[in-house]
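K.L.:
Below is the file model.cif, which contains mmCIF, C-alpha atoms.
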```cif
data_target
#
loop_
_atom_site.label_atom_id
_atom_site.label_comp_id
_atom_site.auth_asym_id
_atom_site.auth_seq_id
_atom_site.Cartn_x
_atom_site.Cartn_y
_atom_site.Cartn_z
CA MET A 278 110.42 59.23 75.83
CA THR A 279 107.25 59.89 77.82
CA ALA A 280 108.67 58.09 80.84
CA GLY A 281 111.84 60.20 80.60
CA ILE A 282 109.83 63.41 80.61
CA ARG A 283 107.83 62.24 83.63
CA HIS A 284 111.04 61.33 85.46
CA GLU A 285 112.52 64.77 84.79
CA ASP A 286 109.35 66.48 85.99
CA LEU A 287 109.46 64.38 89.16
CA ARG A 288 113.11 65.31 89.69
CA ARG A 289 112.31 69.03 89.39
CA ARG A 290 109.35 68.74 91.74
CA ASN A 291 111.39 66.90 94.37
CA ARG A 292 114.25 69.40 94.18
CA ALA A 293 111.77 72.26 94.55
CA MET A 294 110.18 70.55 97.57
CA VAL A 295 113.56 70.21 99.26
CA LEU A 296 114.48 73.84 98.62
CA SER A 297 111.08 75.03 99.86
CA SER A 298 111.43 72.99 103.04
CA MET A 299 114.90 74.37 103.58
CA ARG A 300 113.62 77.91 103.19
CA ARG A 301 110.83 77.39 105.73
CA MET A 302 112.75 75.32 108.28
CA GLY A 303 116.05 77.21 108.40
CA GLN A 304 118.63 74.54 109.30
CA PRO A 305 116.91 71.14 109.19
CA SER A 306 118.56 67.74 109.11
CA ARG A 307 118.07 65.38 106.20
CA THR A 308 115.67 63.36 108.38
CA GLU A 309 113.57 66.44 109.10
CA ILE A 310 113.44 67.32 105.41
CA ALA A 311 112.28 63.79 104.63
CA ALA A 312 109.53 64.07 107.26
CA ALA A 313 108.41 67.47 105.92
CA THR A 314 108.37 66.46 102.24
CA GLY A 315 107.29 62.82 102.49
CA LEU A 316 110.28 61.79 100.39
CA SER A 317 112.46 58.85 101.40
CA ASN A 318 115.73 59.32 103.27
CA SER A 319 117.67 57.95 100.32
CA THR A 320 115.97 60.43 97.95
CA ILE A 321 116.74 63.32 100.30
CA SER A 322 120.36 62.22 100.58
CA ALA A 323 120.73 62.08 96.80
CA ILE A 324 119.03 65.44 96.22
CA SER A 325 120.92 67.23 99.01
CA ALA A 326 124.22 65.85 97.74
CA GLY A 327 123.48 67.22 94.28
CA LEU A 328 122.39 70.60 95.65
CA MET A 329 125.55 70.83 97.74
CA GLN A 330 127.70 70.00 94.74
CA GLU A 331 125.97 72.79 92.81
CA GLY A 332 126.64 75.24 95.63
CA LEU A 333 123.01 75.72 96.67
CA LEU A 334 123.25 74.01 100.07
CA LEU A 335 125.84 73.96 102.82
CA GLU A 336 126.34 71.77 105.85
CA GLY A 337 125.46 73.84 108.89
CA LYS A 338 127.78 74.39 111.83
CA SER A 339 125.38 72.87 114.36
CA GLU A 340 124.67 69.19 114.93
CA MET A 341 121.38 67.80 116.24
CA ALA A 342 121.19 64.69 118.36
CA ASN A 343 119.05 61.84 117.09
CA ALA A 344 116.98 60.93 120.14
CA LYS A 345 116.27 57.39 118.89
CA ARG A 346 119.83 56.30 118.03
CA GLY A 347 121.91 58.87 119.85
CA ARG A 348 123.72 59.82 116.65
CA PRO A 349 124.17 63.50 115.78
CA GLN A 350 122.68 64.67 112.50
CA VAL A 351 124.27 67.42 110.47
CA ALA A 352 122.06 70.41 109.75
CA LEU A 353 121.80 71.76 106.22
CA GLU A 354 121.32 75.38 105.22
CA LEU A 355 120.81 77.40 102.06
CA ASN A 356 124.02 78.86 100.71
CA PRO A 357 123.63 82.65 100.94
CA CYS A 358 126.19 83.11 98.16
CA ALA A 359 124.31 80.97 95.63
CA CYS A 360 122.66 84.11 94.24
CA SER A 361 120.98 87.30 95.39
CA ILE A 362 117.97 89.43 94.54
CA VAL A 363 117.05 93.10 94.77
CA ALA A 364 113.79 94.08 96.47
CA VAL A 365 112.49 97.62 95.89
CA VAL A 366 109.52 99.34 97.54
CA LEU A 367 108.18 102.50 95.88
CA SER A 368 105.54 104.33 97.91
CA LEU A 369 104.35 107.86 98.54
CA ASN A 370 107.45 110.10 98.67
CA SER A 371 109.59 107.10 99.59
CA LEU A 372 111.96 104.75 97.79
CA SER A 373 113.50 101.80 99.62
CA ALA A 374 115.69 99.01 98.24
CA ALA A 375 117.66 96.06 99.58
CA LEU A 376 120.14 93.51 98.30
CA ILE A 377 119.10 90.13 99.72
CA ASP A 378 121.06 86.88 99.56
CA TYR A 379 119.74 83.44 98.66
CA ALA A 380 119.18 82.58 102.33
CA GLY A 381 116.90 85.63 102.69
CA SER A 382 119.21 87.89 104.69
CA VAL A 383 119.62 91.59 103.89
CA VAL A 384 123.16 92.29 102.64
CA MET A 385 122.75 96.02 102.02
CA GLU A 386 119.85 98.45 102.03
CA GLY A 387 119.09 102.05 101.24
CA HIS A 388 116.21 104.45 101.73
CA LYS A 389 115.55 107.95 100.45
CA ARG A 390 112.74 110.46 100.39
CA ILE A 391 111.71 111.54 96.90
CA PRO A 392 108.82 113.84 95.90
CA THR A 393 106.86 111.23 93.95
CA LEU A 394 103.86 113.49 93.46
CA THR A 395 105.84 116.18 91.65
CA LEU A 396 108.65 114.26 89.95
CA GLY A 397 108.45 113.97 86.19
CA LYS A 398 108.15 110.50 84.71
CA ASP A 399 111.78 110.36 83.54
CA ALA A 400 113.03 111.64 86.89
CA LEU A 401 110.98 109.04 88.78
CA VAL A 402 112.35 106.25 86.60
CA ALA A 403 115.89 107.63 87.02
CA GLU A 404 115.57 107.55 90.82
CA LEU A 405 114.46 103.93 90.68
CA LEU A 406 117.29 102.90 88.37
CA ASP A 407 119.84 104.75 90.49
CA VAL A 408 118.96 102.94 93.72
CA ILE A 409 119.12 99.56 91.95
CA ARG A 410 122.42 100.49 90.29
CA SER A 411 124.02 101.28 93.64
CA LEU A 412 123.07 97.84 94.99
CA LEU A 413 124.32 96.06 91.89
CA ARG A 414 127.63 97.87 92.25
CA HIS A 415 127.94 96.44 95.75
CA ARG A 416 127.03 92.99 94.43
CA LYS A 417 129.91 93.10 91.94
CA GLU A 418 132.34 93.90 94.73
CA LYS A 419 131.12 90.84 96.65
CA ALA A 420 130.99 88.60 93.54
CA GLU A 421 127.36 87.72 94.15
CA ARG A 422 124.95 86.99 91.31
CA VAL A 423 121.75 89.04 91.20
CA ILE A 424 119.27 87.02 89.16
CA ARG A 425 115.97 88.73 89.93
CA ILE A 426 114.60 92.16 90.83
CA SER A 427 111.23 92.53 92.53
CA ILE A 428 109.51 95.92 92.82
CA ALA A 429 106.45 96.60 94.97
CA ILE A 430 104.41 99.70 94.16
CA GLN A 431 101.31 101.29 95.63
CA GLY A 432 98.44 101.16 93.18
CA ILE A 433 97.24 99.00 90.31
CA THR A 434 99.84 96.89 88.56
CA ASP A 435 99.79 94.62 85.54
CA CYS A 436 102.16 91.96 86.82
CA ALA A 437 102.34 90.02 83.55
CA GLU A 438 103.41 93.12 81.63
CA GLY A 439 105.59 94.57 84.41
CA THR A 440 103.65 97.83 84.33
CA MET A 441 102.33 100.23 86.92
CA LEU A 442 98.91 101.10 85.50
CA TRP A 443 97.88 103.70 88.08
CA SER A 444 99.15 104.82 91.46
CA PRO A 445 98.12 107.53 93.90
CA ILE A 446 101.79 108.37 94.48
CA THR A 447 102.30 109.92 91.04
CA ALA A 448 100.36 111.70 88.33
CA HIS A 449 101.91 109.42 85.70
CA THR A 450 100.23 106.22 84.50
CA ASP A 451 101.21 103.16 82.48
CA ILE A 452 104.91 103.16 83.39
CA ALA A 453 106.56 99.92 82.23
CA PHE A 454 109.01 99.75 85.13
CA GLY A 455 109.66 96.05 84.55
CA ARG A 456 110.74 96.37 80.93
CA ILE A 457 112.76 99.52 81.69
CA VAL A 458 114.69 97.81 84.49
CA GLU A 459 115.29 94.66 82.43
CA ALA A 460 116.57 96.71 79.49
CA GLU A 461 118.92 98.67 81.76
CA PHE A 462 120.42 95.79 83.75
CA GLY A 463 119.60 92.60 81.83
CA ILE A 464 118.01 91.05 84.92
CA PRO A 465 114.40 89.74 85.03
CA CYS A 466 112.18 92.17 86.93
CA THR A 467 108.68 91.80 88.33
CA ILE A 468 106.26 94.56 89.35
CA GLU A 469 103.92 93.73 92.23
CA ASN A 470 101.24 95.45 94.25
CA ASP A 471 102.57 96.37 97.69
CA CYS A 472 99.60 94.98 99.61
CA ASN A 473 99.92 91.64 97.83
CA MET A 474 103.54 91.47 98.96
CA ILE A 475 102.49 92.20 102.55
CA ALA A 476 100.14 89.22 102.37
CA VAL A 477 102.93 87.01 101.00
CA ALA A 478 105.18 88.04 103.89
CA LEU A 479 102.49 87.28 106.48
CA ARG A 480 102.04 83.79 105.07
CA TRP A 481 105.77 83.14 105.40
CA ARG A 482 106.06 84.68 108.87
CA THR A 483 103.04 83.08 110.54
CA PRO A 484 101.77 80.18 108.41
CA GLU A 485 99.87 78.65 111.32
CA ARG A 486 97.58 81.70 111.34
CA PHE A 487 97.87 83.20 107.87
CA ARG A 488 97.79 80.28 105.48
CA ASP A 489 94.70 79.39 103.45
CA ASN A 490 92.27 82.31 103.85
CA PHE A 491 93.17 85.70 105.30
CA VAL A 492 93.16 89.42 104.61
CA SER A 493 95.97 91.95 104.97
CA LEU A 494 94.50 95.44 105.11
CA LEU A 495 96.79 98.44 104.68
CA LEU A 496 95.58 101.55 106.51
CA SER A 497 97.74 104.54 105.70
CA ASN A 498 97.33 107.64 103.57
CA GLY A 499 95.73 105.15 101.20
CA ILE A 500 93.79 101.95 101.77
CA GLY A 501 94.85 98.66 100.18
CA MET A 502 94.31 94.94 100.52
CA GLY A 503 96.12 91.67 99.97
CA LEU A 504 93.92 88.58 99.92
CA PHE A 505 94.69 84.86 100.13
CA LEU A 506 91.92 82.43 99.19
CA LYS A 507 92.36 78.68 99.52
CA GLY A 508 96.10 79.16 99.88
CA GLN A 509 96.46 81.26 96.71
CA LEU A 510 97.15 84.97 96.40
CA PHE A 511 94.20 86.68 94.72
CA THR A 512 95.49 88.85 91.89
CA GLY A 513 92.54 89.13 89.54
CA THR A 514 92.75 88.17 85.88
CA ARG A 515 95.07 90.98 84.75
CA SER A 516 96.13 93.37 87.47
CA SER A 517 96.82 93.39 91.17
CA GLY A 518 93.32 92.44 92.24
CA GLY A 519 92.13 93.57 95.67
CA GLU A 520 91.66 97.34 95.35
CA PHE A 521 89.63 97.42 98.55
CA GLY A 522 90.18 101.14 99.17
CA HIS A 523 88.41 102.05 95.94
CA MET A 524 85.33 99.91 96.49
CA MET A 525 82.26 102.10 96.71
CA HIS A 526 81.11 103.15 100.17
CA ARG A 527 78.76 106.06 99.38
CA PRO A 528 77.86 106.79 95.74
CA GLY A 529 78.55 110.43 94.96
CA GLY A 530 80.19 110.90 98.36
CA ALA A 531 83.49 112.42 99.43
CA LEU A 532 86.29 113.03 96.95
CA CYS A 533 88.95 110.32 96.80
CA ARG A 534 92.58 110.59 95.69
CA CYS A 535 91.70 108.47 92.67
CA GLY A 536 89.45 111.30 91.41
CA ARG A 537 86.21 109.42 92.00
CA ARG A 538 83.73 109.94 94.80
CA GLY A 539 82.52 107.79 97.66
CA CYS A 540 85.39 105.27 97.86
CA ILE A 541 86.16 103.60 101.18
CA GLU A 542 89.51 105.41 101.14
CA ALA A 543 87.73 108.78 100.90
CA TYR A 544 86.47 108.11 104.46
CA ALA A 545 89.20 105.91 105.96
CA GLY A 546 92.52 107.06 104.48
CA ASN A 547 94.68 109.31 106.64
CA TYR A 548 93.82 112.31 104.51
CA ALA A 549 90.09 111.53 104.84
CA ILE A 550 90.24 111.18 108.63
CA TRP A 551 92.23 114.43 108.79
CA ARG A 552 89.74 116.18 106.50
CA ASN A 553 86.73 115.12 108.56
CA ALA A 554 88.40 115.86 111.89
CA ARG A 555 89.28 119.38 110.73
CA GLY A 556 85.74 120.10 109.56
CA GLY A 557 86.52 119.86 105.85
CA GLY A 558 83.89 119.07 103.26
CA GLY A 559 83.70 116.11 100.92
CA ASP A 560 84.65 118.38 98.01
CA ASP A 561 87.96 119.43 99.61
CA LEU A 562 91.01 118.16 97.78
CA PRO A 563 92.84 115.36 99.65
CA ILE A 564 95.99 116.51 101.42
CA ALA A 565 99.01 114.90 99.77
CA ASP A 566 101.11 113.72 102.71
CA ILE A 567 100.21 113.93 106.40
CA SER A 568 103.01 113.05 108.81
CA GLN A 569 102.70 110.15 111.21
CA SER A 570 103.24 112.49 114.17
CA GLU A 571 100.26 114.60 113.08
CA MET A 572 98.08 111.50 112.84
CA ARG A 573 99.23 110.32 116.26
CA HIS A 574 98.27 113.68 117.75
CA LEU A 575 94.88 113.45 116.05
CA ALA A 576 94.31 109.96 117.48
CA ASP A 577 95.37 111.07 120.97
CA THR A 578 92.85 113.90 120.81
CA ALA A 579 90.13 111.43 119.76
CA ARG A 580 90.97 109.20 122.71
CA ASP A 581 90.98 112.14 125.13
CA HIS A 582 87.49 113.45 124.52
CA ASP A 583 84.44 113.20 122.28
CA GLY A 584 84.51 115.58 119.34
CA PRO A 585 85.11 115.82 115.59
CA GLU A 586 88.33 113.81 115.84
CA ARG A 587 86.59 110.83 117.42
CA GLU A 588 83.74 111.13 114.95
CA ALA A 589 86.22 111.08 112.06
CA TYR A 590 87.65 107.78 113.30
CA ARG A 591 84.15 106.40 113.82
CA ARG A 592 83.26 107.19 110.21
CA ALA A 593 86.52 105.60 109.06
CA GLY A 594 85.86 102.41 111.00
CA GLU A 595 82.33 102.28 109.66
CA ALA A 596 83.52 102.59 106.05
CA ILE A 597 86.09 99.83 106.52
CA GLY A 598 83.55 97.63 108.30
CA TYR A 599 80.93 97.90 105.57
CA GLY A 600 83.61 97.10 102.99
CA LEU A 601 84.80 94.04 104.89
CA GLY A 602 81.20 92.92 105.41
CA SER A 603 80.59 93.07 101.68
CA LEU A 604 83.79 91.11 101.06
CA PHE A 605 82.86 88.47 103.62
CA ALA A 606 79.48 88.01 101.96
CA LEU A 607 81.46 86.65 99.00
CA VAL A 608 84.38 84.77 100.56
CA ASP A 609 83.36 84.09 104.22
CA PRO A 610 84.98 85.76 107.25
CA ALA A 611 88.74 85.27 107.56
CA PRO A 612 91.49 86.55 109.88
CA VAL A 613 92.45 90.16 109.21
CA MET A 614 95.85 91.78 109.72
CA ILE A 615 95.70 95.57 109.94
CA VAL A 616 98.99 96.97 108.62
CA GLY A 617 100.36 100.49 108.37
CA ALA A 618 100.24 103.72 110.35
CA GLY A 619 96.47 103.38 110.78
CA ALA A 620 97.05 100.28 112.91
CA GLU A 621 98.22 102.58 115.72
CA ALA A 622 94.64 103.88 115.96
CA PHE A 623 92.97 100.47 115.75
CA ASP A 624 91.47 100.98 119.21
CA LEU A 625 89.46 103.88 117.75
CA LEU A 626 88.44 101.99 114.63
CA GLU A 627 87.60 98.54 115.96
CA ARG A 628 84.20 99.13 117.55
CA PRO A 629 82.56 101.01 114.62
CA MET A 630 84.22 98.53 112.25
CA ARG A 631 82.74 95.51 114.02
CA GLU A 632 79.34 97.18 114.33
CA ALA A 633 79.28 97.88 110.59
CA ILE A 634 80.35 94.34 109.73
CA ALA A 635 77.57 92.97 111.95
CA ARG A 636 74.97 94.91 109.92
CA THR A 637 75.96 93.17 106.68
CA VAL A 638 75.16 89.74 105.30
CA GLY A 639 78.84 88.91 105.50
CA GLY A 640 78.80 89.68 109.19
CA GLN A 641 76.28 87.00 110.10
CA ASN A 642 79.07 84.53 110.82
CA ALA A 643 81.70 87.02 111.91
CA SER A 644 81.25 86.90 115.70
CA ASP A 645 84.63 85.21 116.07
CA LEU A 646 86.38 87.42 113.52
CA THR A 647 89.88 88.26 114.75
CA PHE A 648 92.15 91.21 114.01
CA ASP A 649 95.89 91.70 114.44
CA ALA A 650 97.79 94.96 113.98
CA GLU A 651 101.27 95.85 112.69
CA PRO A 652 102.01 99.58 112.20
CA ASN A 653 105.22 99.25 110.13
CA GLU A 654 104.42 98.04 106.62
CA LEU A 655 107.83 98.56 104.98
CA PRO A 656 109.58 95.46 106.40
CA LEU A 657 106.59 93.31 105.47
CA THR A 658 106.41 94.70 101.95
CA ARG A 659 110.12 94.15 101.37
CA GLU A 660 110.03 90.67 102.89
CA GLY A 661 107.11 89.77 100.65
CA CYS A 662 109.07 90.95 97.59
CA ALA A 663 112.06 88.88 98.67
CA MET A 664 110.13 85.70 99.36
CA HIS A 665 108.13 86.08 96.15
CA ALA A 666 111.37 86.31 94.15
CA LEU A 667 113.26 83.62 96.06
CA THR A 668 110.37 81.16 95.84
CA PHE A 669 110.29 81.69 92.08
CA ILE A 670 114.04 80.99 91.95
CA ASP A 671 113.59 77.80 94.01
CA HIS A 672 110.76 76.43 91.88
CA GLU A 673 111.47 77.72 88.39
CA ILE A 674 115.25 78.07 88.22
CA PHE A 675 117.22 76.00 90.73
CA SER A 676 114.77 73.09 90.58
CA ASN A 677 116.08 72.54 87.05
CA GLY A 678 119.75 72.47 88.04
CA PRO A 679 122.60 74.93 88.43
CA LEU A 680 122.19 78.32 86.81
CA PRO A 681 123.99 78.51 83.43
CA LEU A 682 126.77 81.08 83.44
CA GLU A 683 125.47 82.94 80.40
CA ARG A 684 122.23 83.74 82.19
CA THR A 685 124.09 85.91 84.68
CA LYS A 686 126.49 87.77 82.40
CA ALA A 687 124.22 90.82 82.16
CA ALA A 688 124.00 91.01 85.96
#
```
Just dump the structure as structure tokens.
P.N.:
Amino acid sequence: MTAGIRHEDLRRRNRAMVLSSMRRMGQPSRTEIAAATGLSNSTISAISAGLMQEGLLLEGKSEMANAKRGRPQVALELNPCACSIVAVVLSLNSLSAALIDYAGSVVMEGHKRIPTLTLGKDALVAELLDVIRSLLRHRKEKAERVIRISIAIQGITDCAEGTMLWSPITAHTDIAFGRIVEAEFGIPCTIENDCNMIAVALRWRTPERFRDNFVSLLLSNGIGMGLFLKGQLFTGTRSSGGEFGHMMHRPGGALCRCGRRGCIEAYAGNYAIWRNARGGGGDDLPIADISQSEMRHLADTARDHDGPEREAYRRAGEAIGYGLGSLFALVDPAPVMIVGAGAEAFDLLERPMREAIARTVGGQNASDLTFDAEPNELPLTREGCAMHALTFIDHEIFSNGPLPLERTKAA
């Protein structure tokens, strides 16, 4: 009996390895999958045959020549119709959702502006359910199975409970979005921190650079962080983990959106830079939503001449730099990807950021610290949601065999 259990575990692991390799490699041959997984050619042939019979894999249209024998090898690919997922991104005054097939391609998407700061709790939930419902309606027309919904939200999330604990985008707290969505549609739903999903996407996009240890730092109206350590996403013991923007920069300092004082975000968020550039005081209430065009104009003014605008960006870079220096004192310097609208002003932030890092203990070994910048966070957030959900499906569902019909009836 013990040997049988071990054999079944090995079978699941090998199937998951094949599916993971397929997802990373696109259209590999059986030989390439064997090389990537370390499994024998005969094992790969048996597993791929079973996955094809179950409708998870297809033979690709292209053939690749075998340089050693001169024989073409048939490429394999994930079957996009095997299942689908819904990825939702809820951020400040914005709701975006996409229906994504098993191969990772977007089938349908939608985006709408909603006043998250003023919507009542029931209205906010209704907007979320409505955008998911519209995608599921399309799925029924195409006869695709949606077996997972992944929602990324700004703020602190309890992933295990599927709950948004707190978010700067709404006055409401402790909203059990996961349970609400599951009760409405009968489909498993996860709630994730948006910055964590950005980090997941970066690891899939550029694994040669963002693999074991790296930081994704969101610079927008708010400040957030996704953190990979030793190849694992850091999520803390209960919630979403890296709330970098609300680490303390100056005790008793400027007012933050979270209601506390002296947070990094209270000096480096868009509203903080705007407040300082316009001569506002630390007691001034944060402005709710500053347009990207206004921030671009502010940055252009800072580049043009010395003045309060340039000083505001200097203070922002300094706050971020001291925060990163403190982090690197704990985990060692790692590559940093700057994501979000603030990345467009990285040229104004970089020097004071590096100078601040150099003044910290964590900056002692940071002379070779590298930064990359990507101003559009939405595609990364959505891609992270999709890959997080699809990887779960590969490892926890399809590694066991074909999906039982009764598990998709509610979808």
K.L.:
Using the chain letters and numbers from the file, give me the residues hit by the PyMOL selection byres ((chain A and resi 299) around 10), as number ranges by chain.
P.N.:
A: 293-298, 300-307, 309-310, 313, 334, 353-355, 380
K.L.:
Could you dump the residues just selected with C-alpha atoms as a PDB file, in the coordinates of the input?
P.N.:
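Saved file part.pdb follows:
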```pdb
ATOM      1  CA  ALA A 293     111.770  72.260  94.550  1.00  0.00           C
ATOM      2  CA  MET A 294     110.180  70.550  97.570  1.00  0.00           C
ATOM      3  CA  VAL A 295     113.560  70.210  99.260  1.00  0.00           C
ATOM      4  CA  LEU A 296     114.480  73.840  98.620  1.00  0.00           C
ATOM      5  CA  SER A 297     111.080  75.030  99.860  1.00  0.00           C
ATOM      6  CA  SER A 298     111.430  72.990 103.040  1.00  0.00           C
ATOM      7  CA  ARG A 300     113.620  77.910 103.190  1.00  0.00           C
ATOM      8  CA  ARG A 301     110.830  77.390 105.730  1.00  0.00           C
ATOM      9  CA  MET A 302     112.750  75.320 108.280  1.00  0.00           C
ATOM     10  CA  GLY A 303     116.050  77.210 108.400  1.00  0.00           C
ATOM     11  CA  GLN A 304     118.630  74.540 109.300  1.00  0.00           C
ATOM     12  CA  PRO A 305     116.910  71.140 109.190  1.00  0.00           C
ATOM     13  CA  SER A 306     118.560  67.740 109.110  1.00  0.00           C
ATOM     14  CA  ARG A 307     118.070  65.380 106.200  1.00  0.00           C
ATOM     15  CA  GLU A 309     113.570  66.440 109.100  1.00  0.00           C
ATOM     16  CA  ILE A 310     113.440  67.320 105.410  1.00  0.00           C
ATOM     17  CA  ALA A 313     108.410  67.470 105.920  1.00  0.00           C
ATOM     18  CA  LEU A 334     123.250  74.010 100.070  1.00  0.00           C
ATOM     19  CA  LEU A 353     121.800  71.760 106.220  1.00  0.00           C
ATOM     20  CA  GLU A 354     121.320  75.380 105.220  1.00  0.00           C
ATOM     21  CA  LEU A 355     120.810  77.400 102.060  1.00  0.00           C
ATOM     22  CA  ALA A 380     119.180  82.580 102.330  1.00  0.00           C
TER      23      ALA A 380
END
```
K.L.:
Expanded to explicit residues, what is the PyMOL selection byres ((chain A and resi 598-601) around 8) for this file, as a compact mmCIF listing (two decimals) with C-alpha atoms, keeping the file's coordinate frame?
P.N.:
```txt
# COMPACT_ATOMS: atom_id res chain seq x y z
CA PHE A 521 89.63 97.42 98.55
CA MET A 524 85.33 99.91 96.49
CA HIS A 526 81.11 103.15 100.17
CA ILE A 541 86.16 103.60 101.18
CA GLY A 594 85.86 102.41 111.00
CA GLU A 595 82.33 102.28 109.66
CA ALA A 596 83.52 102.59 106.05
CA ILE A 597 86.09 99.83 106.52
CA GLY A 602 81.20 92.92 105.41
CA SER A 603 80.59 93.07 101.68
CA LEU A 604 83.79 91.11 101.06
CA PHE A 605 82.86 88.47 103.62
CA PRO A 629 82.56 101.01 114.62
CA MET A 630 84.22 98.53 112.25
CA ARG A 631 82.74 95.51 114.02
CA GLU A 632 79.34 97.18 114.33
CA ALA A 633 79.28 97.88 110.59
CA ILE A 634 80.35 94.34 109.73
CA ARG A 636 74.97 94.91 109.92
CA THR A 637 75.96 93.17 106.68
CA GLY A 639 78.84 88.91 105.50
```
K.L.:
To one decimal place, how far is atom CA of Tyr379 of chain A from atom CA of Ser361 of chain A in Å?
P.N.:
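Those two atoms sit 5.2 Å apart.
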K.L.:
Since I can't run it myself right now, could you work out what the PyMOL selection byres ((chain A and resi 654) around 8) selects here and report it as a list in words?
P.N.:
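On the file shown, the PyMOL selection byres ((chain A and resi 654) around 8) covers Ile475, Leu495, Val616, Gly617, Ala618, Glu651, Pro652, Asn653, Leu655, Pro656, Leu657 and Thr658 of chain A.
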K.L.:
Generate a file of the selected residues that holds C-alpha atoms, formatted as a PDB file, in the coordinates of the input.
P.N.:
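The file below, out26.pdb, is the result:
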```
ATOM      1  CA  ILE A 475     102.490  92.200 102.550  1.00  0.00           C
ATOM      2  CA  LEU A 495      96.790  98.440 104.680  1.00  0.00           C
ATOM      3  CA  VAL A 616      98.990  96.970 108.620  1.00  0.00           C
ATOM      4  CA  GLY A 617     100.360 100.490 108.370  1.00  0.00           C
ATOM      5  CA  ALA A 618     100.240 103.720 110.350  1.00  0.00           C
ATOM      6  CA  GLU A 651     101.270  95.850 112.690  1.00  0.00           C
ATOM      7  CA  PRO A 652     102.010  99.580 112.200  1.00  0.00           C
ATOM      8  CA  ASN A 653     105.220  99.250 110.130  1.00  0.00           C
ATOM      9  CA  LEU A 655     107.830  98.560 104.980  1.00  0.00           C
ATOM     10  CA  PRO A 656     109.580  95.460 106.400  1.00  0.00           C
ATOM     11  CA  LEU A 657     106.590  93.310 105.470  1.00  0.00           C
ATOM     12  CA  THR A 658     106.410  94.700 101.950  1.00  0.00           C
TER      13      THR A 658
END
```
K.L.:
Neighbours of Leu367 of chain A within 8 Å (all atoms listed in the file; same-chain residues fewer than 5 positions away dropped), as a list in words?
P.N.:
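Counting only the stated atoms, we get Leu372, Ser373, Ile428, Ala429, Ile430 and Gln431 of chain A.
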K.L.:
Just to be explicit: take each residue in the selection above, keep C-alpha atoms, and write the result as a CSV table (one decimal), keeping the file's coordinate frame.
P.N.:
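And here's selection.csv as it stands now:
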```csv
chain,number,residue,atom,x,y,z
A,372,LEU,CA,112.0,104.8,97.8
A,373,SER,CA,113.5,101.8,99.6
A,428,ILE,CA,109.5,95.9,92.8
A,429,ALA,CA,106.4,96.6,95.0
A,430,ILE,CA,104.4,99.7,94.2
A,431,GLN,CA,101.3,101.3,95.6
```
K.L.:
Taking (117.6, 99.4, 102.2) in the file's own coordinates, collect the residues within 6 Å, counting all atoms listed in the file, and hand them back as a PyMOL selection string.
P.N.:
chain A and resi 373-375+386-388
K.L.:
If I wrap all listed atoms of segment 544-555 of chain A in a box with edges along x, y and z and add 8 Å on each side, what are its centre and edge lengths in Å to one decimal, as AutoDock Vina command-line options?
P.N.:
```
--center_x 90.6 --center_y 112.6 --center_z 108.2 --size_x 24.2 --size_y 29.5 --size_z 23.4
```
K.L.:
Report, in Å to a single decimal, how far apart atom CA of Gly519 of chain A and atom CA of Leu504 of chain A are.
P.N.:
6.8 Å
K.L.:
Can you tell me, as a PyMOL selection string, what residues are no more than 12 Å from Glu660 of chain A when counting only C-alpha atoms, ignoring any on the same chain fewer than 2 positions away?
P.N.:
chain A and resi 362-366+374-377+381-383+427-429+471-482+654-658+662-668
K.L.:
Work out how far apart atom CA of Lys389 of chain A and atom CA of His574 of chain A are and give it in Å to one decimal.
P.N.:
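Calculated distance between atom CA of Lys389 of chain A and atom CA of His574 of chain A is 25.1 Å.
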K.L.:
Report the closest atom pair, with its distance in Å rounded to one decimal, for each residue of segment 461-569 of chain A that has an atom no farther than 9 Å from segment 433-447 of chain A; count only C-alpha atoms, sort by chain and then rising residue number, and write it as JSON lines.
P.N.:
```
{"residue": "A:Cys466", "atom": "CA", "partner": "A:Gly439", "partner_atom": "CA", "distance": 7.5}
{"residue": "A:Thr467", "atom": "CA", "partner": "A:Gly439", "partner_atom": "CA", "distance": 5.7}
{"residue": "A:Ile468", "atom": "CA", "partner": "A:Gly439", "partner_atom": "CA", "distance": 5.0}
{"residue": "A:Glu469", "atom": "CA", "partner": "A:Cys436", "partner_atom": "CA", "distance": 6.0}
{"residue": "A:Asn470", "atom": "CA", "partner": "A:Thr434", "partner_atom": "CA", "distance": 6.0}
{"residue": "A:Gly499", "atom": "CA", "partner": "A:Pro445", "partner_atom": "CA", "distance": 8.0}
{"residue": "A:Thr512", "atom": "CA", "partner": "A:Cys436", "partner_atom": "CA", "distance": 8.9}
{"residue": "A:Arg515", "atom": "CA", "partner": "A:Asp435", "partner_atom": "CA", "distance": 6.0}
{"residue": "A:Ser516", "atom": "CA", "partner": "A:Asp435", "partner_atom": "CA", "distance": 4.3}
{"residue": "A:Ser517", "atom": "CA", "partner": "A:Thr434", "partner_atom": "CA", "distance": 5.3}
{"residue": "A:Gly518", "atom": "CA", "partner": "A:Ile433", "partner_atom": "CA", "distance": 7.9}
{"residue": "A:Glu520", "atom": "CA", "partner": "A:Ile433", "partner_atom": "CA", "distance": 7.7}
{"residue": "A:Arg534", "atom": "CA", "partner": "A:Pro445", "partner_atom": "CA", "distance": 6.6}
{"residue": "A:Cys535", "atom": "CA", "partner": "A:Pro445", "partner_atom": "CA", "distance": 6.6}
{"residue": "A:Ala565", "atom": "CA", "partner": "A:Ile446", "partner_atom": "CA", "distance": 8.9}
```
K.L.:
Just checking: using only C-alpha atoms, which residue out of A:Pro563, A:Arg552, A:Ile426, A:Pro465 ends up closest to Arg537 of chain A?
P.N.:
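Comparing A:Pro563, A:Arg552, A:Ile426, A:Pro465 against Arg537 of chain A, the winner is A:Pro563.
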